[in-house]
file target-v5.json (JSON, C-alpha atoms and all ligand atoms)
[["chain", "number", "residue", "atom", "x", "y", "z"],
["M", 1, "MET", "CA", 0.00, 0.00, 0.00],
["M", 2, "SER", "CA", 1.36, 3.46, -0.89],
["M", 3, "ASP", "CA", 1.91, 6.15, 1.76],
["M", 4, "LEU", "CA", -0.97, 8.10, 0.31],
["M", 5, "ASP", "CA", -3.32, 5.10, 0.47],
["M", 6, "ARG", "CA", -2.28, 4.49, 4.07],
["M", 7, "SER", "CA", -2.92, 8.15, 4.91],
["M", 8, "LEU", "CA", -6.32, 8.12, 3.22],
["M", 9, "ARG", "CA", -7.32, 4.94, 5.00],
["M", 10, "ALA", "CA", -6.34, 6.42, 8.39],
["M", 11, "ALA", "CA", -8.25, 9.61, 7.60],
["M", 12, "VAL", "CA", -11.39, 7.68, 6.64],
["M", 13, "ALA", "CA", -11.28, 5.69, 9.90],
["M", 14, "ALA", "CA", -10.75, 8.85, 11.98],
["M", 15, "VAL", "CA", -13.56, 10.74, 10.25],
["M", 16, "ARG", "CA", -15.97, 7.81, 10.66],
["M", 17, "ALA", "CA", -15.30, 7.75, 14.43],
["M", 18, "ALA", "CA", -15.49, 11.53, 14.79],
["M", 19, "SER", "CA", -18.76, 11.58, 12.84],
["M", 20, "ARG", "CA", -20.21, 9.05, 15.28],
["M", 21, "VAL", "CA", -19.57, 11.33, 18.24],
["M", 22, "CYS", "CA", -21.11, 14.27, 16.39],
["M", 23, "ARG", "CA", -24.21, 12.23, 15.56],
["M", 24, "ASP", "CA", -24.58, 11.16, 19.20],
["M", 25, "VAL", "CA", -24.24, 14.70, 20.53],
["M", 26, "GLN", "CA", -26.59, 16.16, 17.92],
["M", 27, "ALA", "CA", -29.21, 13.59, 18.87],
["M", 28, "HIS", "CA", -29.10, 14.77, 22.50],
["M", 29, "LEU", "CA", -28.20, 18.38, 21.98],
["M", 30, "VAL", "CA", -28.82, 20.70, 24.89],
["M", 31, "THR", "CA", -28.05, 24.37, 24.57],
["M", 32, "ALA", "CA", -26.33, 24.36, 27.95],
["M", 33, "GLN", "CA", -23.49, 22.49, 26.28],
["M", 34, "THR", "CA", -22.81, 25.33, 23.91],
["M", 35, "ILE", "CA", -20.06, 27.75, 24.78],
["M", 36, "GLU", "CA", -19.84, 31.20, 23.23],
["M", 37, "LYS", "CA", -16.33, 31.37, 21.90],
["M", 38, "LYS", "CA", -14.64, 34.77, 21.90],
["M", 39, "ASP", "CA", -15.33, 35.12, 18.20],
["M", 40, "LYS", "CA", -19.04, 34.40, 18.97],
["M", 41, "SER", "CA", -19.27, 31.23, 16.94],
["M", 42, "PRO", "CA", -20.94, 28.45, 18.85],
["M", 43, "VAL", "CA", -18.84, 25.50, 19.74],
["M", 44, "THR", "CA", -20.16, 22.40, 21.34],
["M", 45, "VAL", "CA", -19.10, 19.28, 23.10],
["M", 46, "ALA", "CA", -19.04, 17.64, 19.72],
["M", 47, "ASP", "CA", -16.46, 20.03, 18.22],
["M", 48, "PHE", "CA", -14.03, 19.18, 21.00],
["M", 49, "ALA", "CA", -14.80, 15.46, 21.08],
["M", 50, "SER", "CA", -14.57, 15.22, 17.29],
["M", 51, "GLN", "CA", -11.16, 16.91, 17.28],
["M", 52, "ALA", "CA", -9.90, 14.73, 20.17],
["M", 53, "ILE", "CA", -11.00, 11.54, 18.43],
["M", 54, "THR", "CA", -9.62, 12.49, 15.04],
["M", 55, "CYS", "CA", -6.25, 13.50, 16.50],
["M", 56, "ALA", "CA", -6.06, 10.38, 18.70],
["M", 57, "LEU", "CA", -6.79, 8.02, 15.81],
["M", 58, "LEU", "CA", -4.49, 9.78, 13.36],
["M", 59, "ALA", "CA", -1.66, 9.74, 15.92],
["M", 60, "GLU", "CA", -2.21, 6.04, 16.49],
["M", 61, "ALA", "CA", -2.24, 5.13, 12.80],
["M", 62, "LEU", "CA", 0.40, 7.62, 11.64],
["M", 63, "PRO", "CA", 2.62, 8.68, 14.55],
["M", 64, "GLY", "CA", 4.23, 12.09, 14.42],
["M", 65, "GLU", "CA", 1.86, 13.78, 11.98],
["M", 66, "ARG", "CA", 1.23, 17.53, 12.25],
["M", 67, "ILE", "CA", -2.44, 18.49, 12.56],
["M", 68, "VAL", "CA", -3.85, 21.98, 12.14],
["M", 69, "GLY", "CA", -7.26, 21.81, 13.81],
["M", 70, "GLU", "CA", -9.83, 24.52, 14.38],
["M", 71, "GLU", "CA", -10.21, 24.00, 18.13],
["M", 72, "ASP", "CA", -7.95, 24.11, 21.17],
["M", 73, "SER", "CA", -8.62, 23.21, 24.77],
["M", 74, "GLN", "CA", -7.87, 26.58, 26.35],
["M", 75, "GLU", "CA", -11.45, 27.59, 27.19],
["M", 76, "LEU", "CA", -12.44, 24.04, 27.93],
["M", 77, "ARG", "CA", -9.82, 23.95, 30.71],
["M", 78, "GLU", "CA", -11.49, 26.88, 32.56],
["M", 79, "ASP", "CA", -13.30, 26.13, 35.85],
["M", 80, "GLU", "CA", -16.73, 27.16, 34.56],
["M", 81, "GLN", "CA", -16.45, 24.62, 31.74],
["M", 82, "ALA", "CA", -16.14, 21.65, 34.09],
["M", 83, "GLN", "CA", -19.49, 20.18, 33.05],
["M", 84, "VAL", "CA", -18.76, 20.49, 29.34],
["M", 85, "ARG", "CA", -15.33, 18.97, 29.93],
["M", 86, "VAL", "CA", -16.81, 15.93, 31.66],
["M", 87, "SER", "CA", -19.23, 15.49, 28.79],
["M", 88, "VAL", "CA", -16.44, 15.73, 26.18],
["M", 89, "VAL", "CA", -14.40, 13.09, 28.01],
["M", 90, "GLU", "CA", -17.43, 10.76, 28.30],
["M", 91, "HIS", "CA", -18.20, 11.06, 24.60],
["M", 92, "VAL", "CA", -14.61, 10.46, 23.57],
["M", 93, "ARG", "CA", -14.42, 7.38, 25.78],
["M", 94, "GLY", "CA", -17.73, 6.14, 24.39],
["M", 95, "VAL", "CA", -16.50, 6.20, 20.81],
["M", 96, "LEU", "CA", -12.89, 5.14, 21.33],
["M", 97, "GLY", "CA", -13.83, 2.51, 23.89],
["M", 98, "ALA", "CA", -10.78, 3.64, 25.82],
["M", 99, "GLU", "CA", -10.29, 4.59, 29.46],
["M", 100, "ALA", "CA", -8.90, 7.98, 28.50],
["M", 101, "GLY", "CA", -8.46, 10.45, 31.36],
["M", 102, "GLU", "CA", -9.38, 14.14, 31.22],
["M", 103, "GLU", "CA", -5.81, 15.32, 30.69],
["M", 104, "GLN", "CA", -5.34, 12.81, 27.86],
["M", 105, "VAL", "CA", -8.47, 14.02, 26.09],
["M", 106, "LEU", "CA", -7.44, 17.67, 26.43],
["M", 107, "ASP", "CA", -4.01, 16.76, 25.06],
["M", 108, "TRP", "CA", -5.61, 15.04, 22.08],
["M", 109, "ILE", "CA", -7.55, 18.22, 21.33],
["M", 110, "ASP", "CA", -4.30, 20.20, 21.52],
["M", 111, "ALA", "CA", -2.54, 17.70, 19.29],
["M", 112, "GLY", "CA", -4.43, 19.62, 16.59],
["M", 113, "GLY", "CA", -2.47, 22.76, 17.48],
["M", 114, "ALA", "CA", 0.24, 22.68, 14.81],
["M", 115, "ASP", "CA", 0.56, 25.77, 12.64],
["M", 116, "ALA", "CA", -0.02, 25.57, 8.93],
["M", 117, "SER", "CA", 3.57, 25.39, 7.79],
["M", 118, "GLY", "CA", 6.01, 22.71, 6.79],
["M", 119, "ALA", "CA", 6.12, 20.15, 4.04],
["M", 120, "ARG", "CA", 3.25, 17.97, 5.25],
["M", 121, "TYR", "CA", 0.35, 18.55, 7.61],
["M", 122, "TRP", "CA", -3.30, 17.73, 8.10],
["M", 123, "THR", "CA", -6.04, 20.30, 8.46],
["M", 124, "LEU", "CA", -9.16, 19.50, 10.42],
["M", 125, "ASP", "CA", -12.52, 21.12, 10.91],
["M", 126, "PRO", "CA", -14.00, 18.84, 13.59],
["M", 127, "ILE", "CA", -17.45, 20.24, 12.86],
["M", 128, "ASP", "CA", -17.73, 22.39, 9.79],
["M", 129, "GLY", "CA", -21.08, 24.15, 9.80],
["M", 130, "THR", "CA", -21.53, 24.36, 13.57],
["M", 131, "LYS", "CA", -24.59, 26.54, 13.00],
["M", 132, "GLY", "CA", -26.20, 23.83, 10.88],
["M", 133, "PHE", "CA", -25.26, 21.30, 13.53],
["M", 134, "LEU", "CA", -27.02, 23.36, 16.20],
["M", 135, "ARG", "CA", -30.10, 23.71, 14.00],
["M", 136, "GLY", "CA", -30.20, 19.93, 13.69],
["M", 137, "GLU", "CA", -29.30, 20.19, 10.01],
["M", 138, "GLN", "CA", -26.23, 19.60, 7.85],
["M", 139, "TYR", "CA", -22.61, 19.73, 8.95],
["M", 140, "ALA", "CA", -19.41, 17.89, 8.10],
["M", 141, "VAL", "CA", -16.27, 16.53, 9.69],
["M", 142, "ALA", "CA", -13.59, 17.71, 7.27],
["M", 143, "LEU", "CA", -10.04, 16.39, 7.15],
["M", 144, "GLY", "CA", -7.48, 17.25, 4.48],
["M", 145, "LEU", "CA", -3.83, 16.36, 4.00],
["M", 146, "LEU", "CA", -1.48, 18.92, 2.51],
["M", 147, "GLU", "CA", 1.94, 18.28, 1.00],
["M", 148, "GLU", "CA", 4.01, 21.22, -0.21],
["M", 149, "GLY", "CA", 0.87, 23.36, -0.16],
["M", 150, "GLU", "CA", -1.12, 20.94, -2.28],
["M", 151, "VAL", "CA", -4.14, 19.05, -0.96],
["M", 152, "VAL", "CA", -3.35, 15.37, -1.59],
["M", 153, "ALA", "CA", -6.11, 13.68, 0.41],
["M", 154, "GLY", "CA", -9.51, 14.83, 1.58],
["M", 155, "VAL", "CA", -12.28, 13.20, 3.58],
["M", 156, "LEU", "CA", -15.71, 14.60, 4.44],
["M", 157, "GLY", "CA", -18.00, 12.89, 6.95],
["M", 158, "CYS", "CA", -21.56, 14.11, 6.37],
["M", 159, "PRO", "CA", -23.78, 12.43, 8.98],
["M", 160, "ASN", "CA", -27.08, 13.96, 7.81],
["M", 161, "LEU", "CA", -26.59, 13.75, 4.08],
["M", 162, "ALA", "CA", -28.87, 11.27, 2.36],
["M", 163, "LEU", "CA", -27.29, 8.18, 0.84],
["M", 164, "GLY", "CA", -29.45, 5.51, -0.70],
["M", 165, "ASP", "CA", -32.32, 4.75, 1.67],
["M", 166, "GLY", "CA", -30.60, 6.18, 4.71],
["M", 167, "THR", "CA", -28.44, 9.04, 5.85],
["M", 168, "GLY", "CA", -24.71, 9.32, 6.42],
["M", 169, "ALA", "CA", -22.27, 9.77, 3.56],
["M", 170, "LEU", "CA", -18.50, 9.82, 3.57],
["M", 171, "PHE", "CA", -16.63, 11.39, 0.66],
["M", 172, "ALA", "CA", -12.99, 10.52, 0.06],
["M", 173, "ALA", "CA", -10.49, 11.65, -2.53],
["M", 174, "ALA", "CA", -6.76, 11.45, -3.05],
["M", 175, "ARG", "CA", -4.29, 12.73, -5.63],
["M", 176, "GLY", "CA", -4.34, 10.58, -8.71],
["M", 177, "GLN", "CA", -7.58, 8.80, -7.77],
["M", 178, "GLY", "CA", -11.26, 9.45, -8.44],
["M", 179, "ALA", "CA", -13.56, 10.73, -5.70],
["M", 180, "ARG", "CA", -15.74, 8.17, -3.98],
["M", 181, "VAL", "CA", -18.74, 8.12, -1.66],
["M", 182, "HIS", "CA", -19.04, 5.51, 1.08],
["M", 183, "ALA", "CA", -21.72, 4.61, 3.61],
["M", 184, "LEU", "CA", -20.58, 6.61, 6.64],
["M", 185, "TRP", "CA", -21.79, 4.21, 9.30],
["M", 186, "ASP", "CA", -20.75, 1.01, 7.57],
["M", 187, "GLU", "CA", -17.04, 0.43, 8.06],
["M", 188, "SER", "CA", -17.17, -2.58, 5.77],
["M", 189, "ASP", "CA", -17.94, -0.23, 2.86],
["M", 190, "GLU", "CA", -14.28, 0.24, 1.97],
["M", 191, "LYS", "CA", -14.81, 0.39, -1.75],
["M", 192, "GLY", "CA", -17.62, 2.93, -1.98],
["M", 193, "LYS", "CA", -18.90, 4.26, -5.27],
["M", 194, "ALA", "CA", -17.27, 6.57, -7.77],
["M", 195, "ILE", "CA", -18.83, 10.02, -8.06],
["M", 196, "GLN", "CA", -18.57, 12.49, -10.88],
["M", 197, "VAL", "CA", -19.67, 16.08, -11.38],
["M", 198, "ALA", "CA", -22.19, 16.48, -14.16],
["M", 199, "PRO", "CA", -21.45, 18.46, -17.30],
["M", 200, "VAL", "CA", -23.66, 21.51, -17.71],
["M", 201, "SER", "CA", -24.13, 22.30, -21.37],
["M", 202, "ARG", "CA", -26.20, 25.44, -20.83],
["M", 203, "SER", "CA", -25.53, 27.73, -17.87],
["M", 204, "SER", "CA", -29.25, 28.32, -17.41],
["M", 205, "GLU", "CA", -29.58, 24.65, -16.49],
["M", 206, "ALA", "CA", -27.11, 24.92, -13.64],
["M", 207, "ARG", "CA", -28.19, 24.79, -10.05],
["M", 208, "PHE", "CA", -26.04, 26.54, -7.51],
["M", 209, "CYS", "CA", -25.58, 25.90, -3.82],
["M", 210, "GLU", "CA", -24.58, 28.35, -1.14],
["M", 211, "SER", "CA", -24.51, 28.83, 2.64],
["M", 212, "VAL", "CA", -27.69, 28.86, 4.67],
["M", 213, "GLU", "CA", -26.07, 31.67, 6.68],
["M", 214, "SER", "CA", -26.31, 35.00, 4.86],
["M", 215, "GLY", "CA", -23.46, 36.25, 7.07],
["M", 216, "HIS", "CA", -21.11, 33.68, 5.52],
["M", 217, "SER", "CA", -21.92, 34.22, 1.87],
["M", 218, "ASN", "CA", -23.48, 37.18, 0.09],
["M", 219, "GLN", "CA", -26.73, 35.67, -1.12],
["M", 220, "ASP", "CA", -27.87, 38.82, -2.94],
["M", 221, "GLU", "CA", -24.73, 38.75, -5.04],
["M", 222, "SER", "CA", -25.18, 35.03, -5.77],
["M", 223, "ALA", "CA", -28.72, 35.79, -6.91],
["M", 224, "ARG", "CA", -27.42, 38.48, -9.28],
["M", 225, "ILE", "CA", -24.84, 36.09, -10.72],
["M", 226, "ALA", "CA", -27.48, 33.42, -11.13],
["M", 227, "GLU", "CA", -29.72, 35.89, -12.94],
["M", 228, "ARG", "CA", -26.90, 36.86, -15.32],
["M", 229, "LEU", "CA", -26.41, 33.17, -16.08],
["M", 230, "GLY", "CA", -30.12, 32.70, -16.66],
["M", 231, "ILE", "CA", -30.40, 30.24, -13.78],
["M", 232, "THR", "CA", -33.98, 29.81, -12.72],
["M", 233, "ALA", "CA", -33.63, 26.97, -10.20],
["M", 234, "GLU", "CA", -33.83, 28.04, -6.57],
["M", 235, "PRO", "CA", -30.48, 28.08, -4.75],
["M", 236, "PHE", "CA", -29.71, 24.94, -2.82],
["M", 237, "ARG", "CA", -28.85, 26.23, 0.65],
["M", 238, "ILE", "CA", -26.89, 23.82, 2.75],
["M", 239, "ASP", "CA", -24.39, 24.26, 5.56],
["M", 240, "SER", "CA", -20.75, 23.27, 5.60],
["M", 241, "GLN", "CA", -18.57, 21.49, 3.04],
["M", 242, "CYS", "CA", -21.61, 19.39, 2.26],
["M", 243, "LYS", "CA", -21.78, 22.00, -0.54],
["M", 244, "TYR", "CA", -18.61, 20.58, -2.10],
["M", 245, "ALA", "CA", -20.06, 17.09, -1.66],
["M", 246, "ALA", "CA", -23.29, 18.23, -3.31],
["M", 247, "VAL", "CA", -21.39, 19.46, -6.37],
["M", 248, "ALA", "CA", -19.17, 16.37, -6.49],
["M", 249, "ARG", "CA", -22.12, 14.04, -6.59],
["M", 250, "ASN", "CA", -24.22, 16.26, -8.77],
["M", 251, "ASP", "CA", -26.92, 17.47, -6.36],
["M", 252, "ALA", "CA", -25.81, 20.92, -7.55],
["M", 253, "SER", "CA", -23.49, 22.14, -10.29],
["M", 254, "ILE", "CA", -21.96, 25.30, -8.80],
["M", 255, "TYR", "CA", -20.88, 26.30, -5.28],
["M", 256, "LEU", "CA", -20.91, 30.07, -4.88],
["M", 257, "ARG", "CA", -19.33, 31.62, -1.80],
["M", 258, "MET", "CA", -19.37, 35.36, -2.29],
["M", 259, "PRO", "CA", -17.61, 37.41, 0.41],
["M", 260, "THR", "CA", -19.73, 39.39, 2.86],
["M", 261, "ARG", "CA", -16.77, 41.34, 4.22],
["M", 262, "ALA", "CA", -13.59, 42.46, 2.50],
["M", 263, "ASP", "CA", -11.47, 41.59, 5.53],
["M", 264, "TYR", "CA", -12.66, 38.01, 6.03],
["M", 265, "ARG", "CA", -10.05, 35.36, 5.32],
["M", 266, "GLU", "CA", -11.26, 31.88, 4.51],
["M", 267, "LYS", "CA", -9.73, 29.10, 6.61],
["M", 268, "ILE", "CA", -7.83, 26.22, 5.06],
["M", 269, "TRP", "CA", -9.92, 23.65, 6.98],
["M", 270, "ASP", "CA", -13.11, 25.07, 5.44],
["M", 271, "HIS", "CA", -11.95, 24.17, 1.93],
["M", 272, "ALA", "CA", -9.09, 21.66, 1.76],
["M", 273, "ALA", "CA", -11.05, 18.40, 1.89],
["M", 274, "GLY", "CA", -14.04, 19.63, -0.10],
["M", 275, "LYS", "CA", -11.92, 21.14, -2.85],
["M", 276, "LEU", "CA", -10.14, 17.87, -3.50],
["M", 277, "VAL", "CA", -13.38, 15.88, -3.47],
["M", 278, "VAL", "CA", -14.79, 18.18, -6.17],
["M", 279, "GLU", "CA", -11.59, 18.16, -8.23],
["M", 280, "ARG", "CA", -11.19, 14.40, -8.11],
["M", 281, "ALA", "CA", -14.85, 14.16, -9.17],
["M", 282, "GLY", "CA", -13.90, 16.15, -12.27],
["M", 283, "GLY", "CA", -14.83, 19.66, -11.10],
["M", 284, "ARG", "CA", -12.87, 22.89, -10.87],
["M", 285, "VAL", "CA", -12.43, 25.03, -7.73],
["M", 286, "SER", "CA", -11.16, 28.62, -7.71],
["M", 287, "ASP", "CA", -11.47, 31.90, -5.85],
["M", 288, "ILE", "CA", -13.85, 34.56, -7.17],
["M", 289, "ARG", "CA", -11.24, 35.74, -9.66],
["M", 290, "GLY", "CA", -10.70, 32.30, -11.09],
["M", 291, "ARG", "CA", -7.36, 31.68, -9.40],
["M", 292, "ASP", "CA", -6.45, 28.45, -7.65],
["M", 293, "LEU", "CA", -7.02, 28.46, -3.91],
["M", 294, "ASP", "CA", -3.76, 29.13, -2.10],
["M", 295, "PHE", "CA", -3.14, 26.90, 0.90],
["M", 296, "THR", "CA", 0.38, 28.12, 1.59],
["M", 297, "ARG", "CA", -0.31, 31.27, 3.58],
["M", 298, "GLY", "CA", -1.20, 29.88, 7.02],
["M", 299, "SER", "CA", -4.44, 28.54, 8.40],
["M", 300, "ALA", "CA", -6.53, 31.68, 8.12],
["M", 301, "ARG", "CA", -5.19, 33.18, 4.93],
["M", 302, "GLY", "CA", -5.45, 30.18, 2.70],
["M", 303, "CYS", "CA", -8.07, 31.08, 0.22],
["M", 304, "GLY", "CA", -9.30, 34.60, 0.71],
["M", 305, "PRO", "CA", -10.80, 36.68, -2.05],
["M", 306, "ALA", "CA", -8.29, 39.49, -1.59],
["M", 401, "LIG", "P1", -21.23, 27.63, 5.88],
["M", 401, "LIG", "O1", -21.63, 26.32, 6.45],
["M", 401, "LIG", "O2", -21.11, 27.65, 4.40],
["M", 401, "LIG", "O3", -22.11, 28.73, 6.42],
["M", 401, "LIG", "O4", -19.77, 27.88, 6.37],
["M", 401, "LIG", "C1", -19.37, 27.66, 7.68],
["M", 401, "LIG", "C2", -18.02, 28.28, 7.85],
["M", 401, "LIG", "O5", -18.10, 29.66, 7.56],
["M", 401, "LIG", "C3", -17.49, 28.21, 9.25],
["M", 401, "LIG", "O6", -16.68, 27.10, 9.40],
["M", 401, "LIG", "C4", -16.67, 29.49, 9.39],
["M", 401, "LIG", "O7", -15.30, 29.19, 9.40],
["M", 401, "LIG", "C5", -16.98, 30.26, 8.13],
["M", 401, "LIG", "N1", -17.28, 31.69, 8.35],
["M", 401, "LIG", "C6", -17.48, 32.37, 9.49],
["M", 401, "LIG", "N2", -17.68, 33.69, 9.25],
["M", 401, "LIG", "C7", -17.60, 33.86, 7.91],
["M", 401, "LIG", "C8", -17.68, 34.98, 7.03],
["M", 401, "LIG", "N3", -17.94, 36.21, 7.48],
["M", 401, "LIG", "N4", -17.55, 34.75, 5.70],
["M", 401, "LIG", "C9", -17.31, 33.52, 5.23],
["M", 401, "LIG", "N5", -17.22, 32.42, 6.01],
["M", 401, "LIG", "C10", -17.35, 32.58, 7.32],
["M", 402, "MG", "MG", -15.79, 25.36, 9.35]]
call {"tool": "encode", "arguments": {"input": "target-v5.json", "output": "structure tokens"}}
result
Amino acid sequence: MSDLDRSLRAAVAAVRAASRVCRDVQAHLVTAQTIEKKDKSPVTVADFASQAITCALLAEALPGERIVGEEDSQELREDEQAQVRVSVVEHVRGVLGAEAGEEQVLDWIDAGGADASGARYWTLDPIDGTKGFLRGEQYAVALGLLEEGEVVAGVLGCPNLALGDGTGALFAAARGQGARVHALWDESDEKGKAIQVAPVSRSSEARFCESVESGHSNQDESARIAERLGITAEPFRIDSQCKYAAVARNDASIYLRMPTRADYREKIWDHAAGKLVVERAGGRVSDIRGRDLDFTRGSARGCGPA
């Protein structure tokens, strides 16, 4: 097995486990377990548990890897977060089946504290689309592997995305291979199914997807672009990198993410995995000026419109 195959396999296993914890927490979500982070985005027990599990499993399968994750344990270590902390530890133990102590779990979260530099590192959004998660809707666990600034593997766990008769889809892609969708909850589904973007011969037949949150993507501008293209289909609004998955498997043909603020910088973990899934499904991903996304400028400057 090649290094890349081994990496992809480890990423798939980690994302499956992290997705399980997210599903469990979402099923029993109580608002008391939501902390207001300093930047005001909601973060839940599941964000922390998902990051801890992903980092623990990646470290076990591929020792010594650098991981650039969205979360860190700083606020979780504060006295007033004791209850949330206990819940995070319980959930992590539940999924890993391990007798992990509190300090161990906090350390796993912080194992995702590498900075986005160096020849090879992973980037993780333990719950992309936290707002969708809190609404009981779509979200994704997103894990990408970068080598020399290029995304070479990407995995998206999408617990609420429909697949066949059920829900739970996992999208995986690696350099030199086609993108595939797997049953998220069925670990025996190693092979999955190839997915392909669909050709659009007339722009008016395209359907575009965008954020549910108007604060994350300028929906008025998307509507103007759609009008110019003669698109009549309603926008498909869906949270998280499920949008990339939607394009890759042809639920939509375009993903528009128009800036709402000139100073916002997109994060590498919000795009790395999804971008590769779309590209390996035959699609093209660029910034609003048509340039390739740039993953070489640190975690928060990866793919901004500026
Ligand atoms: P979505 O699910 O498409 O709404 O995107 C969720 C992601 O939007 C989160 O992971 C945030 O990192 C990101 N985000 C937060 N604020 C903004 C913003 N002002 N513009 C674009 N993306 C944002
Ligand atoms: Mg995100």
call {"tool": "residues_around", "arguments": {"input": "target-v5.json", "residues": "region 158-161 of chain M", "least_positions_apart": "3", "cutoff": "7 Å", "atoms": "all atoms listed in the file", "output": "list of chain:residue names"}}
result
M:Ser19, M:Arg23, M:Glu137, M:Gln138, M:Tyr139, M:Ala140, M:Val141, M:Thr167, M:Gly168, M:Ala169, M:Leu170, M:Cys242
call {"tool": "atom_distance", "arguments": {"input": "target-v5.json", "atom1": "CA of Ile195 (chain M)", "atom2": "CA of Phe295 (chain M)"}}
result
24.7 Å
call {"tool": "residues_near_ligand", "arguments": {"input": "target-v5.json", "ligand": "ligand LIG 401 (chain M)", "cutoff": "7 Å", "atoms": "all atoms listed in the file", "output": "list in words"}}
result
Asp128, Gly129, Thr130, Gly132, Glu210, Ser211, Val212, Glu213, Gly215, His216, Ser217, Ile238, Asp239, Ser240, Gln241, Pro259, Thr260, Arg261, Tyr264, Glu266, Lys267 and Asp270 of chain M
call {"tool": "write_last_selection", "arguments": {"input": "target-v5.json", "atoms": "C-alpha atoms", "output": "mmCIF file, keeping the file's coordinate frame"}}
result
data_model
loop_
_atom_site.group_PDB
_atom_site.id
_atom_site.type_symbol
_atom_site.label_atom_id
_atom_site.label_comp_id
_atom_site.auth_asym_id
_atom_site.auth_seq_id
_atom_site.Cartn_x
_atom_site.Cartn_y
_atom_site.Cartn_z
ATOM 1 C CA ASP M 128 -17.730 22.390 9.790
ATOM 2 C CA GLY M 129 -21.080 24.150 9.800
ATOM 3 C CA THR M 130 -21.530 24.360 13.570
ATOM 4 C CA GLY M 132 -26.200 23.830 10.880
ATOM 5 C CA GLU M 210 -24.580 28.350 -1.140
ATOM 6 C CA SER M 211 -24.510 28.830 2.640
ATOM 7 C CA VAL M 212 -27.690 28.860 4.670
ATOM 8 C CA GLU M 213 -26.070 31.670 6.680
ATOM 9 C CA GLY M 215 -23.460 36.250 7.070
ATOM 10 C CA HIS M 216 -21.110 33.680 5.520
ATOM 11 C CA SER M 217 -21.920 34.220 1.870
ATOM 12 C CA ILE M 238 -26.890 23.820 2.750
ATOM 13 C CA ASP M 239 -24.390 24.260 5.560
ATOM 14 C CA SER M 240 -20.750 23.270 5.600
ATOM 15 C CA GLN M 241 -18.570 21.490 3.040
ATOM 16 C CA PRO M 259 -17.610 37.410 0.410
ATOM 17 C CA THR M 260 -19.730 39.390 2.860
ATOM 18 C CA ARG M 261 -16.770 41.340 4.220
ATOM 19 C CA TYR M 264 -12.660 38.010 6.030
ATOM 20 C CA GLU M 266 -11.260 31.880 4.510
ATOM 21 C CA LYS M 267 -9.730 29.100 6.610
ATOM 22 C CA ASP M 270 -13.110 25.070 5.440
#
call {"tool": "residues_around", "arguments": {"input": "target-v5.json", "residues": "Ala18 (chain M)", "least_positions_apart": "3", "cutoff": "8 Å", "atoms": "all atoms listed in the file", "output": "NGL selection string"}}
result
:M and (14-15 or 21-22 or 49-51 or 53-54 or 126 or 141)
call {"tool": "closest_residue", "arguments": {"input": "target-v5.json", "among": "M:Ala281, M:Leu256, M:Leu124, M:Leu276", "to": "ligand MG 402 (chain M)", "atoms": "all atoms listed in the file"}}
result
M:Leu124
call {"tool": "closest_residue", "arguments": {"input": "target-v5.json", "among": "M:Gly136, M:Gly97, M:Gly178, M:Gly230", "to": "Gly283 (chain M)", "atoms": "all atoms listed in the file"}}
result
M:Gly178
call {"tool": "atom_distance", "arguments": {"input": "target-v5.json", "atom1": "CA of Ala248 (chain M)", "atom2": "CA of Trp269 (chain M)"}}
result
17.9 Å
call {"tool": "residues_near_point", "arguments": {"input": "target-v5.json", "point": "(-26.0, 35.0, -15.3)", "cutoff": "12 Å", "atoms": "only C-alpha atoms", "output": "PDB file with C-alpha atoms, in the coordinates of the input"}}
result
ATOM      1  CA  ARG M 202     -26.200  25.440 -20.830  1.00  0.00           C
ATOM      2  CA  SER M 203     -25.530  27.730 -17.870  1.00  0.00           C
ATOM      3  CA  SER M 204     -29.250  28.320 -17.410  1.00  0.00           C
ATOM      4  CA  GLU M 205     -29.580  24.650 -16.490  1.00  0.00           C
ATOM      5  CA  ALA M 206     -27.110  24.920 -13.640  1.00  0.00           C
ATOM      6  CA  ARG M 207     -28.190  24.790 -10.050  1.00  0.00           C
ATOM      7  CA  PHE M 208     -26.040  26.540  -7.510  1.00  0.00           C
ATOM      8  CA  GLU M 221     -24.730  38.750  -5.040  1.00  0.00           C
ATOM      9  CA  SER M 222     -25.180  35.030  -5.770  1.00  0.00           C
ATOM     10  CA  ALA M 223     -28.720  35.790  -6.910  1.00  0.00           C
ATOM     11  CA  ARG M 224     -27.420  38.480  -9.280  1.00  0.00           C
ATOM     12  CA  ILE M 225     -24.840  36.090 -10.720  1.00  0.00           C
ATOM     13  CA  ALA M 226     -27.480  33.420 -11.130  1.00  0.00           C
ATOM     14  CA  GLU M 227     -29.720  35.890 -12.940  1.00  0.00           C
ATOM     15  CA  ARG M 228     -26.900  36.860 -15.320  1.00  0.00           C
ATOM     16  CA  LEU M 229     -26.410  33.170 -16.080  1.00  0.00           C
ATOM     17  CA  GLY M 230     -30.120  32.700 -16.660  1.00  0.00           C
ATOM     18  CA  ILE M 231     -30.400  30.240 -13.780  1.00  0.00           C
ATOM     19  CA  THR M 232     -33.980  29.810 -12.720  1.00  0.00           C
TER      20      THR M 232
END
call {"tool": "residues_around", "arguments": {"input": "target-v5.json", "residues": "Ser299 (chain M)", "least_positions_apart": "3", "cutoff": "12 Å", "atoms": "all atoms listed in the file", "output": "number ranges by chain"}}
result
M: 67-70, 113-117, 121-125, 146, 149, 265-272, 294-296, 302-304
